[in-house]
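One structure is given here, and the rest of the page talks about it.
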Amino acid sequence: MSEKILRNPTQEELKLIKEKNIIKSTPKKKENTEIKSKPTSIFEPKAEEFILPSGNLEIPEGKILVRRMTTIEEGIFQETVAEMVKEKNLSSALFLESINKVIDNCIKSSDVSVYDLSLIDKSPLFIFILGLTYGFEQTLELQCNGNEKIEGCKKTFAHKINLGKLDIKYVPEDYEYPKIISLEDSFDFPVKIELVYPKIGDEAPFISDTPDVLSQFLTMLKNAEGTLPDGNPITEEHYEDICINMHPDDKDKIKKFINDFSEFGSNVYIKKKVCKNPKCVWKEKRQKVLIPMESIFLNVF
Ligand SMILES: [Zn+2]
């Protein structure tokens, strides 16, 4: 236990852990993101292990070390909220970026940045950090899945829940990734593409208030193969044209991949007997409900 959970990890301790193969640093080179040297103080909260829903798709070890928030990270939120009020800018992108900064500060694995993680890791990881910081036991307003028109439900009920026992879906080890799709309806010549799910560092076109579908496709397109009518192979310079001119039926295949993959990690559910409404079909029955992220905030800030 004491070897798995680091207390105030020093460079030596991290090295030791790496040698023991418990958690290794990422061998990939970071090009777009600058990795800050993470300050270590003997007063710093101890780091805990977090298993990534994306498994080893982005981080070879499939797990990272994180600590709870400190006054610094709480300050980042307060500053963001103050800025949003002052600028009358309630853009969710601004708030989501401050979550990234907070998560990045809390990650204590050497050479791992929040921007390297899969987008599906973000919510579960952030909830884990909130749990470490404010306690895993929380009272939250959970909403019944009932039908408002038929049972007069969709009501919310206060429940004590444990943020450490949520229903997180992990990517299976044998999952086909990158996803290979044959574009059968788009062109007169065969084109095969390889898709990846966006990392947190690539989230901008996906969380923007004005979504940009072309940028979304280009972010996800990792490779394309095929032979053009003139006998030349498809290269990176054709990627944009491929994305622009894709047939709707082929686009649907991409959307299906996004939808399927989004089932992992990203939305965090709990299974519970949520509803106490006597008229509702769900009364006292276990149902799968979404964890309301916003109310965790309301609880703690
Ligand atoms: Zn109900």
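By convention in this document, the chains of the structure tokens carry letters A, B, ... by their order, each chain's residues are numbered from 1, and ligands are numbered from 1 in the order they are shown.
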
Show me a table, sorted first by chain and then by increasing residue number, of the residues of chain A having an atom at most 7 Å from ligand 1, each with its shortest atom pair and the distance in Å to one decimal, counting only C-alpha atoms and all ligand atoms and written as JSON lines.
{"residue": "A:Cys144", "atom": "CA", "partner": "ligand 1", "partner_atom_place_in_ligand_line": "1 (Zn)", "distance": 4.6}
{"residue": "A:Asn145", "atom": "CA", "partner": "ligand 1", "partner_atom_place_in_ligand_line": "1 (Zn)", "distance": 6.3}
{"residue": "A:Gly146", "atom": "CA", "partner": "ligand 1", "partner_atom_place_in_ligand_line": "1 (Zn)", "distance": 4.6}
{"residue": "A:Cys153", "atom": "CA", "partner": "ligand 1", "partner_atom_place_in_ligand_line": "1 (Zn)", "distance": 4.6}
{"residue": "A:Lys154", "atom": "CA", "partner": "ligand 1", "partner_atom_place_in_ligand_line": "1 (Zn)", "distance": 5.5}
{"residue": "A:Lys155", "atom": "CA", "partner": "ligand 1", "partner_atom_place_in_ligand_line": "1 (Zn)", "distance": 6.1}
{"residue": "A:Cys275", "atom": "CA", "partner": "ligand 1", "partner_atom_place_in_ligand_line": "1 (Zn)", "distance": 4.5}
{"residue": "A:Lys276", "atom": "CA", "partner": "ligand 1", "partner_atom_place_in_ligand_line": "1 (Zn)", "distance": 6.7}
{"residue": "A:Asn277", "atom": "CA", "partner": "ligand 1", "partner_atom_place_in_ligand_line": "1 (Zn)", "distance": 5.5}
{"residue": "A:Cys280", "atom": "CA", "partner": "ligand 1", "partner_atom_place_in_ligand_line": "1 (Zn)", "distance": 4.6}
{"residue": "A:Val281", "atom": "CA", "partner": "ligand 1", "partner_atom_place_in_ligand_line": "1 (Zn)", "distance": 6.6}
{"residue": "A:Trp282", "atom": "CA", "partner": "ligand 1", "partner_atom_place_in_ligand_line": "1 (Zn)", "distance": 5.1}
{"residue": "A:Lys283", "atom": "CA", "partner": "ligand 1", "partner_atom_place_in_ligand_line": "1 (Zn)", "distance": 5.8}

Each stretch 173-235 of chain A residue no farther than 9 Å from stretch 48-71 of chain A, nearest pair in Å, only C-alpha atoms, as CSV:
residue,atom,partner,partner_atom,distance
A:Glu173,CA,A:Gly55,CA,7.5
A:Tyr177,CA,A:Leu57,CA,7.9
A:Lys199,CA,A:Glu58,CA,8.2

With C-alpha atoms retained, export the selected residues as a compact mmCIF listing (two decimals), in the first residue's frame.
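What ended up in out.txt:
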# COMPACT_ATOMS: atom_id res chain seq x y z
CA GLU A 173 -8.38 -4.20 -23.74
CA TYR A 177 -8.39 1.40 -31.86
CA LYS A 199 -7.62 13.98 -26.32

### Task
Give me the residues within 7 Å of A:Leu117 as a PyMOL selection string, counting only C-alpha atoms and dropping any in the same chain fewer than 2 places off.
chain A and resi 58+114-115+119+121+199-200

### Message
Residues near stretch 254-264 of chain A, anyone? I mean within 12 Å using only C-alpha atoms, not counting same-chain ones fewer than 6 positions away, as a ChimeraX atom specification.
### Response
/A:52-55,118-124,167-172,175-183,193-198,206,213,216-218,220-221,243,246-248

Please, could you write that set of residues out with C-alpha atoms as an mmCIF file, in the first residue's frame?
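After the write, out-v2.cif holds the following:
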data_model
loop_
_atom_site.group_PDB
_atom_site.id
_atom_site.type_symbol
_atom_site.label_atom_id
_atom_site.label_comp_id
_atom_site.auth_asym_id
_atom_site.auth_seq_id
_atom_site.Cartn_x
_atom_site.Cartn_y
_atom_site.Cartn_z
ATOM 1 C CA LEU A 52 -8.039 5.792 -16.588
ATOM 2 C CA PRO A 53 -11.295 4.816 -18.360
ATOM 3 C CA SER A 54 -9.313 5.037 -21.636
ATOM 4 C CA GLY A 55 -6.992 2.303 -20.345
ATOM 5 C CA SER A 118 -8.517 11.066 -23.576
ATOM 6 C CA LEU A 119 -11.571 13.307 -23.395
ATOM 7 C CA ILE A 120 -13.496 10.373 -21.898
ATOM 8 C CA ASP A 121 -11.158 10.466 -18.865
ATOM 9 C CA LYS A 122 -11.972 14.040 -17.952
ATOM 10 C CA SER A 123 -15.238 13.850 -15.989
ATOM 11 C CA PRO A 124 -14.426 10.697 -14.020
ATOM 12 C CA ASP A 167 -20.506 3.293 -12.665
ATOM 13 C CA ILE A 168 -17.571 4.065 -14.946
ATOM 14 C CA LYS A 169 -17.291 2.181 -18.234
ATOM 15 C CA TYR A 170 -13.693 1.291 -19.102
ATOM 16 C CA VAL A 171 -12.443 0.700 -22.651
ATOM 17 C CA PRO A 172 -11.934 -3.087 -23.037
ATOM 18 C CA TYR A 175 -11.137 -2.638 -28.344
ATOM 19 C CA GLU A 176 -10.338 -1.867 -31.995
ATOM 20 C CA TYR A 177 -8.393 1.396 -31.856
ATOM 21 C CA PRO A 178 -7.726 3.447 -33.876
ATOM 22 C CA LYS A 179 -11.057 2.695 -35.500
ATOM 23 C CA ILE A 180 -10.720 1.777 -39.187
ATOM 24 C CA ILE A 181 -13.560 2.836 -41.469
ATOM 25 C CA SER A 182 -13.925 2.211 -45.208
ATOM 26 C CA LEU A 183 -15.490 5.172 -46.961
ATOM 27 C CA ILE A 193 -9.477 6.048 -42.727
ATOM 28 C CA GLU A 194 -8.200 5.595 -39.172
ATOM 29 C CA LEU A 195 -9.998 7.517 -36.445
ATOM 30 C CA VAL A 196 -8.987 8.333 -32.895
ATOM 31 C CA TYR A 197 -11.089 9.875 -30.142
ATOM 32 C CA PRO A 198 -10.003 13.418 -29.180
ATOM 33 C CA PHE A 206 -15.814 19.801 -29.613
ATOM 34 C CA VAL A 213 -17.574 19.878 -37.714
ATOM 35 C CA GLN A 216 -13.733 17.870 -35.409
ATOM 36 C CA PHE A 217 -13.267 15.405 -38.282
ATOM 37 C CA LEU A 218 -9.701 16.589 -38.952
ATOM 38 C CA MET A 220 -9.977 12.641 -35.275
ATOM 39 C CA LEU A 221 -8.505 11.622 -38.646
ATOM 40 C CA CYS A 243 -13.363 15.433 -44.736
ATOM 41 C CA MET A 246 -17.451 12.913 -47.389
ATOM 42 C CA HIS A 247 -20.885 11.463 -48.111
ATOM 43 C CA PRO A 248 -23.475 11.664 -45.277
#

#### Entry: A:Lys160 environment, 12 Å, only C-alpha atoms, sequence neighbours closer than 4 positions dropped, as a PyMOL selection string
chain A and resi 135-142+165+270+272-274+291+296

So that I have them on file, write out the residues from the current selection with N, CA and C atoms, as a PDB file, in the first residue's frame.
ATOM      1  N   GLY A 135     -14.213  15.039   0.015  1.00  0.00           N
ATOM      2  CA  GLY A 135     -14.797  13.824   0.568  1.00  0.00           C
ATOM      3  C   GLY A 135     -15.628  13.113  -0.484  1.00  0.00           C
ATOM      4  N   PHE A 136     -15.546  11.781  -0.502  1.00  0.00           N
ATOM      5  CA  PHE A 136     -16.281  11.016  -1.513  1.00  0.00           C
ATOM      6  C   PHE A 136     -17.765  10.923  -1.180  1.00  0.00           C
ATOM      7  N   GLU A 137     -18.108  11.076   0.105  1.00  0.00           N
ATOM      8  CA  GLU A 137     -19.518  11.047   0.500  1.00  0.00           C
ATOM      9  C   GLU A 137     -20.131  12.405   0.232  1.00  0.00           C
ATOM     10  N   GLN A 138     -21.123  12.439  -0.671  1.00  0.00           N
ATOM     11  CA  GLN A 138     -21.774  13.709  -0.995  1.00  0.00           C
ATOM     12  C   GLN A 138     -23.283  13.499  -1.039  1.00  0.00           C
ATOM     13  N   THR A 139     -24.014  14.537  -0.684  1.00  0.00           N
ATOM     14  CA  THR A 139     -25.460  14.486  -0.877  1.00  0.00           C
ATOM     15  C   THR A 139     -25.782  15.274  -2.138  1.00  0.00           C
ATOM     16  N   LEU A 140     -26.371  14.589  -3.116  1.00  0.00           N
ATOM     17  CA  LEU A 140     -26.646  15.217  -4.413  1.00  0.00           C
ATOM     18  C   LEU A 140     -28.106  15.041  -4.798  1.00  0.00           C
ATOM     19  N   GLU A 141     -28.602  15.986  -5.594  1.00  0.00           N
ATOM     20  CA  GLU A 141     -29.958  15.898  -6.133  1.00  0.00           C
ATOM     21  C   GLU A 141     -29.902  15.043  -7.403  1.00  0.00           C
ATOM     22  N   LEU A 142     -30.482  13.853  -7.343  1.00  0.00           N
ATOM     23  CA  LEU A 142     -30.476  12.969  -8.510  1.00  0.00           C
ATOM     24  C   LEU A 142     -31.858  12.985  -9.165  1.00  0.00           C
ATOM     25  N   LYS A 165     -17.628   5.250  -5.914  1.00  0.00           N
ATOM     26  CA  LYS A 165     -18.279   4.000  -6.345  1.00  0.00           C
ATOM     27  C   LYS A 165     -19.216   4.248  -7.509  1.00  0.00           C
ATOM     28  N   ILE A 270     -24.654   6.543 -11.769  1.00  0.00           N
ATOM     29  CA  ILE A 270     -24.724   5.715 -10.577  1.00  0.00           C
ATOM     30  C   ILE A 270     -26.018   4.916 -10.665  1.00  0.00           C
ATOM     31  N   LYS A 272     -29.038   3.379  -8.644  1.00  0.00           N
ATOM     32  CA  LYS A 272     -29.613   3.608  -7.333  1.00  0.00           C
ATOM     33  C   LYS A 272     -31.127   3.644  -7.404  1.00  0.00           C
ATOM     34  N   LYS A 273     -31.795   3.341  -6.274  1.00  0.00           N
ATOM     35  CA  LYS A 273     -33.242   3.552  -6.186  1.00  0.00           C
ATOM     36  C   LYS A 273     -33.452   5.027  -5.924  1.00  0.00           C
ATOM     37  N   VAL A 274     -33.605   5.784  -7.003  1.00  0.00           N
ATOM     38  CA  VAL A 274     -33.608   7.242  -6.905  1.00  0.00           C
ATOM     39  C   VAL A 274     -34.986   7.792  -6.547  1.00  0.00           C
ATOM     40  N   ILE A 291     -24.708  11.469 -12.922  1.00  0.00           N
ATOM     41  CA  ILE A 291     -24.231  12.267 -11.787  1.00  0.00           C
ATOM     42  C   ILE A 291     -24.215  13.734 -12.203  1.00  0.00           C
ATOM     43  N   ILE A 296     -22.238  18.983  -7.719  1.00  0.00           N
ATOM     44  CA  ILE A 296     -21.064  18.744  -6.865  1.00  0.00           C
ATOM     45  C   ILE A 296     -20.419  20.095  -6.582  1.00  0.00           C
TER      46      ILE A 296
END

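Of note, atom CA of A:Phe189 and atom CA of A:Leu214 are spaced 21.6 Å apart.
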
### Query
What is the atom CA of A:Glu83-atom CA of A:Phe95 distance in Å, reported with one decimal?
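Here the two named atoms are 10.0 Å from each other.
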
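Ranking A:Ser98, A:Ser266, A:Asn223, A:Asn105 by their shortest atom-to-atom distance to A:Ile72, with only C-alpha atoms included, puts A:Asn105 first.
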
### Message
I'd like to know which residues of stretch 24-221 of chain A are strand (DSSP E) (by DSSP, run on the backbone); could you write them as a PyMOL selection string?
### Response
chain A and resi 48-51+63-66+137-143+156-162+179-183+191-195+221

Since we have the selection now, will you write its residues out, keeping C-alpha atoms, as a short mmCIF file (atom, residue, chain, number, x, y, z; two decimals), in the first residue's frame?
data_model
loop_
_atom_site.label_atom_id
_atom_site.label_comp_id
_atom_site.auth_asym_id
_atom_site.auth_seq_id
_atom_site.Cartn_x
_atom_site.Cartn_y
_atom_site.Cartn_z
CA GLU A 48 -3.49 8.49 -5.16
CA GLU A 49 -3.77 6.14 -8.08
CA PHE A 50 -6.52 6.73 -10.64
CA ILE A 51 -7.33 4.09 -13.26
CA LYS A 63 -3.28 4.87 -14.66
CA ILE A 64 -1.96 8.08 -13.18
CA LEU A 65 -1.20 9.60 -9.78
CA VAL A 66 -3.33 12.55 -8.66
CA GLU A 137 -19.52 11.05 0.50
CA GLN A 138 -21.77 13.71 -0.99
CA THR A 139 -25.46 14.49 -0.88
CA LEU A 140 -26.65 15.22 -4.41
CA GLU A 141 -29.96 15.90 -6.13
CA LEU A 142 -30.48 12.97 -8.51
CA GLN A 143 -33.10 13.07 -11.24
CA THR A 156 -35.18 15.11 -8.24
CA PHE A 157 -34.44 13.54 -4.88
CA ALA A 158 -31.57 14.12 -2.49
CA HIS A 159 -29.35 11.09 -2.06
CA LYS A 160 -26.15 10.34 -0.24
CA ILE A 161 -23.72 8.92 -2.77
CA ASN A 162 -20.13 7.79 -2.79
CA LYS A 179 -11.06 2.70 -35.50
CA ILE A 180 -10.72 1.78 -39.19
CA ILE A 181 -13.56 2.84 -41.47
CA SER A 182 -13.93 2.21 -45.21
CA LEU A 183 -15.49 5.17 -46.96
CA VAL A 191 -10.45 5.23 -49.15
CA LYS A 192 -9.81 3.76 -45.72
CA ILE A 193 -9.48 6.05 -42.73
CA GLU A 194 -8.20 5.59 -39.17
CA LEU A 195 -10.00 7.52 -36.45
CA LEU A 221 -8.51 11.62 -38.65
#

#### Entry: Residues flagged helix (DSSP H, G or I) by DSSP in stretch 18-261 of chain A, as an MDAnalysis selection string
chainID A and resid 18:19 71:86 92:106 114:116 119:134 163:165 200:202 204:207 213:220 236:245 248:261

Output C-alpha atoms of each residue in that selection to a file, as a CSV table (one decimal), in the first residue's frame.
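So the final result, stored in again30.csv, reads:
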chain,number,residue,atom,x,y,z
A,18,LYS,CA,9.2,3.9,-12.2
A,19,GLU,CA,11.8,1.3,-11.7
A,71,THR,CA,-5.7,26.6,-2.2
A,72,ILE,CA,-4.0,27.2,-5.5
A,73,GLU,CA,-6.6,25.2,-7.5
A,74,GLU,CA,-9.5,26.6,-5.6
A,75,GLY,CA,-8.1,30.0,-6.5
A,76,ILE,CA,-8.2,29.1,-10.2
A,77,PHE,CA,-11.9,28.4,-9.9
A,78,GLN,CA,-12.6,31.5,-8.0
A,79,GLU,CA,-10.7,33.6,-10.5
A,80,THR,CA,-12.5,32.0,-13.4
A,81,VAL,CA,-15.9,32.5,-11.9
A,82,ALA,CA,-15.1,36.1,-11.1
A,83,GLU,CA,-13.8,36.7,-14.6
A,84,MET,CA,-17.0,35.1,-16.1
A,85,VAL,CA,-19.2,37.4,-14.0
A,86,LYS,CA,-17.1,40.5,-14.8
A,92,SER,CA,-18.7,26.9,-20.9
A,93,ALA,CA,-15.3,26.7,-22.7
A,94,LEU,CA,-13.8,29.2,-20.2
A,95,PHE,CA,-15.0,27.1,-17.3
A,96,LEU,CA,-13.9,23.8,-18.9
A,97,GLU,CA,-10.4,25.2,-19.5
A,98,SER,CA,-10.1,26.1,-15.8
A,99,ILE,CA,-11.0,22.5,-15.0
A,100,ASN,CA,-8.1,21.5,-17.2
A,101,LYS,CA,-5.8,23.7,-15.3
A,102,VAL,CA,-7.0,22.3,-12.0
A,103,ILE,CA,-6.6,18.7,-13.2
A,104,ASP,CA,-3.2,19.4,-14.6
A,105,ASN,CA,-2.0,20.8,-11.3
A,106,CYS,CA,-3.3,17.8,-9.5
A,114,VAL,CA,-4.0,16.7,-18.7
A,115,TYR,CA,-3.9,17.4,-22.4
A,116,ASP,CA,-2.5,13.9,-23.1
A,119,LEU,CA,-11.6,13.3,-23.4
A,120,ILE,CA,-13.5,10.4,-21.9
A,121,ASP,CA,-11.2,10.5,-18.9
A,122,LYS,CA,-12.0,14.0,-18.0
A,123,SER,CA,-15.2,13.9,-16.0
A,124,PRO,CA,-14.4,10.7,-14.0
A,125,LEU,CA,-11.0,12.1,-13.2
A,126,PHE,CA,-12.4,15.4,-12.1
A,127,ILE,CA,-15.0,13.8,-9.9
A,128,PHE,CA,-12.3,11.7,-8.4
A,129,ILE,CA,-10.3,14.9,-7.6
A,130,LEU,CA,-13.4,16.5,-6.1
A,131,GLY,CA,-13.8,13.4,-4.0
A,132,LEU,CA,-10.2,13.5,-2.8
A,133,THR,CA,-10.7,17.2,-2.0
A,134,TYR,CA,-14.1,17.4,-0.4
A,163,LEU,CA,-18.2,9.5,-5.6
A,164,GLY,CA,-15.7,6.6,-5.4
A,165,LYS,CA,-18.3,4.0,-6.3
A,200,ILE,CA,-8.4,16.7,-23.8
A,201,GLY,CA,-5.8,18.8,-25.6
A,202,ASP,CA,-7.9,18.5,-28.8
A,204,ALA,CA,-11.6,22.9,-28.5
A,205,PRO,CA,-13.6,22.1,-31.7
A,206,PHE,CA,-15.8,19.8,-29.6
A,207,ILE,CA,-16.7,22.1,-26.7
A,213,VAL,CA,-17.6,19.9,-37.7
A,214,LEU,CA,-14.7,20.1,-40.2
A,215,SER,CA,-12.2,20.7,-37.4
A,216,GLN,CA,-13.7,17.9,-35.4
A,217,PHE,CA,-13.3,15.4,-38.3
A,218,LEU,CA,-9.7,16.6,-39.0
A,219,THR,CA,-8.8,16.2,-35.3
A,220,MET,CA,-10.0,12.6,-35.3
A,236,GLU,CA,-1.9,14.1,-45.6
A,237,GLU,CA,-2.5,17.0,-48.0
A,238,HIS,CA,-5.8,15.2,-49.1
A,239,TYR,CA,-7.2,14.9,-45.5
A,240,GLU,CA,-9.1,18.2,-45.6
A,241,ASP,CA,-10.6,17.4,-49.0
A,242,ILE,CA,-11.7,13.9,-47.8
A,243,CYS,CA,-13.4,15.4,-44.7
A,244,ILE,CA,-15.1,18.2,-46.7
A,245,ASN,CA,-16.4,15.9,-49.4
A,248,PRO,CA,-23.5,11.7,-45.3
A,249,ASP,CA,-23.6,7.9,-45.0
A,250,ASP,CA,-19.9,7.7,-44.4
A,251,LYS,CA,-20.2,10.6,-41.9
A,252,ASP,CA,-22.8,8.6,-40.1
A,253,LYS,CA,-20.1,5.8,-39.5
A,254,ILE,CA,-17.9,8.4,-37.9
A,255,LYS,CA,-20.7,9.7,-35.7
A,256,LYS,CA,-21.4,6.1,-34.7
A,257,PHE,CA,-17.8,5.7,-33.6
A,258,ILE,CA,-18.0,9.0,-31.6
A,259,ASN,CA,-21.3,7.9,-30.0
A,260,ASP,CA,-20.0,4.4,-29.2
A,261,PHE,CA,-16.7,5.7,-27.7

### Message
Taking only C-alpha atoms into account, name the residue in A:Lys88, A:Lys288, A:Lys108, A:Lys222 that is nearest to A:Tyr269.
### Response
A:Lys288

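Rounded to one decimal, atom CA of A:Gly265 and atom CA of A:Val112 lie 18.7 Å from each other.
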